[in-house]
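With mmCIF, C-alpha atoms inside, this is entry-v1.cif:
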data_coords
loop_
_atom_site.label_atom_id
_atom_site.label_comp_id
_atom_site.auth_asym_id
_atom_site.auth_seq_id
_atom_site.Cartn_x
_atom_site.Cartn_y
_atom_site.Cartn_z
CA MET A 1 144.15 -22.02 63.90
CA SER A 2 143.85 -22.82 67.58
CA TYR A 3 140.80 -22.00 69.69
CA GLU A 4 140.44 -22.04 73.44
CA ILE A 5 137.08 -23.19 74.79
CA VAL A 6 136.80 -23.80 78.52
CA LEU A 7 133.98 -25.51 80.43
CA LYS A 8 132.96 -24.18 83.84
CA ARG A 9 130.14 -24.40 86.33
CA VAL A 10 128.29 -21.14 86.92
CA TYR A 11 129.06 -21.61 90.61
CA GLN A 12 132.84 -21.45 90.08
CA PRO A 13 134.60 -18.12 90.66
CA ILE A 14 134.82 -15.66 87.78
CA GLU A 15 138.37 -15.39 86.45
CA PRO A 16 139.77 -12.34 84.63
CA ASP A 17 140.94 -14.55 81.75
CA ASP A 18 137.54 -16.26 81.20
CA GLY A 19 137.01 -14.29 78.00
CA ALA A 20 133.47 -14.44 76.67
CA ARG A 21 131.26 -16.13 79.30
CA LEU A 22 128.20 -17.83 77.80
CA LEU A 23 125.59 -19.68 79.81
CA VAL A 24 124.33 -22.52 77.59
CA ASP A 25 121.56 -24.01 79.73
CA ARG A 26 117.85 -23.79 78.95
CA LEU A 27 117.02 -23.16 82.59
CA TRP A 28 118.39 -20.35 84.73
CA PRO A 29 120.73 -21.64 87.48
CA ARG A 30 119.11 -21.82 90.89
CA GLY A 31 120.11 -19.12 93.36
CA LYS A 32 122.13 -17.03 90.90
CA ARG A 33 121.49 -13.40 90.01
CA ARG A 34 122.30 -12.38 86.46
CA GLU A 35 124.75 -9.64 87.49
CA SER A 36 126.66 -12.08 89.72
CA LEU A 37 127.62 -14.25 86.73
CA ALA A 38 129.32 -11.57 84.58
CA LEU A 39 127.77 -13.15 81.49
CA THR A 40 128.49 -12.10 77.96
CA ASP A 41 125.21 -13.79 77.02
CA TRP A 42 122.69 -16.46 77.97
CA TYR A 43 122.43 -18.61 74.87
CA ARG A 44 119.70 -21.25 75.17
CA ASP A 45 119.57 -22.29 71.51
CA ALA A 46 122.73 -24.40 71.70
CA SER A 47 121.54 -26.38 74.73
CA PRO A 48 119.72 -29.72 74.47
CA SER A 49 115.98 -29.66 73.84
CA LEU A 50 113.73 -29.81 76.89
CA THR A 51 112.58 -33.31 75.92
CA LEU A 52 116.11 -34.65 75.56
CA ARG A 53 117.23 -32.99 78.78
CA ARG A 54 114.25 -34.44 80.67
CA GLN A 55 114.84 -37.97 79.31
CA TYR A 56 118.47 -37.83 80.39
CA HIS A 57 117.83 -36.43 83.87
CA GLU A 58 115.06 -38.94 84.54
CA GLY A 59 117.37 -41.81 83.58
CA GLU A 60 115.33 -42.89 80.56
CA ILE A 61 118.40 -42.74 78.31
CA SER A 62 122.08 -43.36 78.91
CA ASN A 63 124.85 -40.79 78.62
CA ALA A 64 125.90 -42.29 75.28
CA VAL A 65 122.37 -42.07 73.86
CA PHE A 66 122.00 -38.53 75.19
CA ALA A 67 125.27 -37.47 73.56
CA ALA A 68 124.33 -39.06 70.22
CA ARG A 69 120.89 -37.43 70.17
CA TYR A 70 122.31 -34.07 71.21
CA ARG A 71 124.87 -34.27 68.38
CA GLY A 72 121.92 -34.92 66.06
CA GLU A 73 120.11 -31.83 67.37
CA LEU A 74 123.22 -29.73 66.76
CA ARG A 75 123.66 -31.16 63.24
CA SER A 76 120.04 -30.38 62.36
CA ALA A 77 120.44 -26.71 63.41
CA PRO A 78 124.05 -25.72 62.60
CA GLU A 79 123.11 -22.04 62.74
CA ASN A 80 122.84 -22.40 66.53
CA LEU A 81 126.62 -22.76 66.69
CA LEU A 82 127.37 -19.51 64.86
CA PRO A 83 127.27 -17.15 67.90
CA LEU A 84 129.57 -19.53 69.80
CA MET A 85 131.94 -19.72 66.84
CA ARG A 86 132.07 -15.90 66.63
CA HIS A 87 133.06 -15.65 70.29
CA ALA A 88 135.66 -18.44 69.94
CA ARG A 89 137.28 -16.59 67.04
CA THR A 90 137.78 -13.46 69.16
CA GLY A 91 139.57 -15.17 72.06
CA ARG A 92 138.90 -17.48 74.96
CA LEU A 93 135.32 -18.77 75.20
CA THR A 94 134.00 -20.04 78.52
CA LEU A 95 130.89 -22.22 78.27
CA LEU A 96 128.92 -22.22 81.51
CA SER A 97 126.38 -24.66 82.92
CA ALA A 98 124.77 -25.34 86.28
CA ALA A 99 125.38 -29.09 85.84
CA ARG A 100 127.11 -30.75 88.79
CA ASP A 101 129.27 -32.99 86.63
CA LEU A 102 130.45 -31.07 83.57
CA GLU A 103 131.99 -34.13 81.93
CA ALA A 104 128.61 -35.90 82.02
CA SER A 105 126.75 -32.80 80.81
CA HIS A 106 126.09 -31.45 77.33
CA LEU A 107 129.08 -29.08 77.44
CA PRO A 108 131.79 -31.52 76.18
CA VAL A 109 129.57 -32.44 73.21
CA LEU A 110 128.87 -28.78 72.50
CA LYS A 111 132.54 -27.85 72.77
CA GLU A 112 133.50 -30.56 70.28
CA ALA A 113 130.72 -29.51 67.89
CA VAL A 114 131.89 -25.88 67.97
CA LEU A 115 135.53 -26.89 67.43
CA ALA A 116 134.54 -29.19 64.54
CA ALA A 117 132.50 -26.40 62.92
CA LEU A 118 135.43 -23.98 63.31
CA ARG A 119 137.87 -26.50 61.76
CA GLU A 120 135.46 -27.12 58.88
CA GLU A 121 135.06 -23.39 58.24
CA ASP A 122 138.83 -22.83 58.45
CA ALA A 123 139.46 -25.67 55.98
CA ALA A 124 136.94 -24.19 53.53
CA ASP A 125 138.60 -20.78 53.86
CA SER A 126 142.03 -22.23 53.08
CA GLU A 127 140.91 -23.77 49.78
CA PRO A 128 141.86 -21.67 46.78
CA ALA A 129 139.03 -19.74 45.24
CA SER A 130 138.04 -20.64 41.72
CA SER A 131 139.35 -18.42 38.98
CA PRO A 132 137.01 -15.69 37.82
CA CYS A 133 134.93 -16.32 34.75
CA PHE A 134 135.76 -14.07 31.84
CA GLY A 135 133.23 -15.58 29.47
CA ASP A 136 131.17 -12.42 29.25
CA GLN A 137 134.11 -10.26 28.11
CA GLU A 138 134.96 -9.66 24.51
CA ARG A 139 137.61 -11.88 23.09
CA PRO A 140 140.47 -10.31 21.21
CA SER A 141 140.00 -10.68 17.49
CA ASP A 142 142.32 -12.88 15.52
CA GLU A 143 142.54 -10.28 12.78
CA THR A 144 146.08 -9.14 12.16
#

How does this structure look as structure tokens?
Amino acid sequence: MSYEIVLKRVYQPIEPDDGARLLVDRLWPRGKRRESLALTDWYRDASPSLTLRRQYHEGEISNAVFAARYRGELRSAPENLLPLMRHARTGRLTLLSAARDLEASHLPVLKEAVLAALREEDAADSEPASSPCFGDQERPSDET
């Protein structure tokens, strides 16, 4: 199955085909009123931890280290991806952030994690179910 997940800045214009619009930043974007964003939800749980975000923004860690640690945070709490996966299954999902450079933000990592989780779930759904167990039913007698 194919899923459409788009990355946008909260400061970009709202488009009619944005689908579900989820803000995935821990902090509210400066100068923006909630009603002006046309959000489906503000989902903080899928964003990087405050510590990781601070280390990255203060230049203590590189983009590669940030991405690796963020992937680790997402792996350790896979339930945080479930709301995003639900929205992606219903149509276009637009992930929003106030970051200036989206490609250097957490959104590409998050998008890939959501897509990977969706592919994994789809693969598990396509596997045939095991046959039912009839061990508790009476067996026909061999008497004839």

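Here the question is which of A:Leu93, A:Ala64, A:Leu74, A:Ala88 gets nearest to Asp17 (chain A) using all atoms listed in the file, and that residue is A:Leu93.
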
Contact residues around region 119-127 of chain A with all atoms listed in the file at 12 Å, ignoring same-chain residues under 3 positions, as number ranges by chain: A: 1-3, 81-82, 85-86, 88-89, 112-116, 130

Selection under test: the PyMOL selection byres ((chain A and resi 44-59) around 8); residues as a list in words: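 Evaluating the PyMOL selection byres ((chain A and resi 44-59) around 8) on this file yields Leu23, Val24, Asp25, Arg26, Trp42, Tyr43, Glu60, Ile61, Ser62, Asn63, Phe66, Arg69, Tyr70, Glu73, Leu74, Asn80, Leu81, His106 and Leu110 of chain A.
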
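Minimum atom-to-atom distance to Ala99 (chain A), evaluated using only C-alpha atoms, belongs to A:Arg30 out of A:Val6, A:Leu22, A:Arg30, A:Ile14.
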
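Nearest-residue note for Lys32 (chain A): choosing from A:Tyr11, A:Gly91, A:Gly19, A:Glu4, the minimum distance belongs to A:Tyr11, counting all atoms listed in the file.
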
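Note on the selection: in this file the PyMOL selection byres ((chain A and resi 107) around 8) comes out as Leu7, Leu95, Leu96, Ser97, Leu102, Glu103, Ser105, His106, Pro108, Val109, Leu110 and Lys111 of chain A.
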
Coordinates-based distance that separates CA of Ala117 (chain A) from CA of Arg100 (chain A) (Å, one decimal):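 One can read the CA of Arg100 (chain A) to CA of Ala117 (chain A) distance as 26.8 Å.
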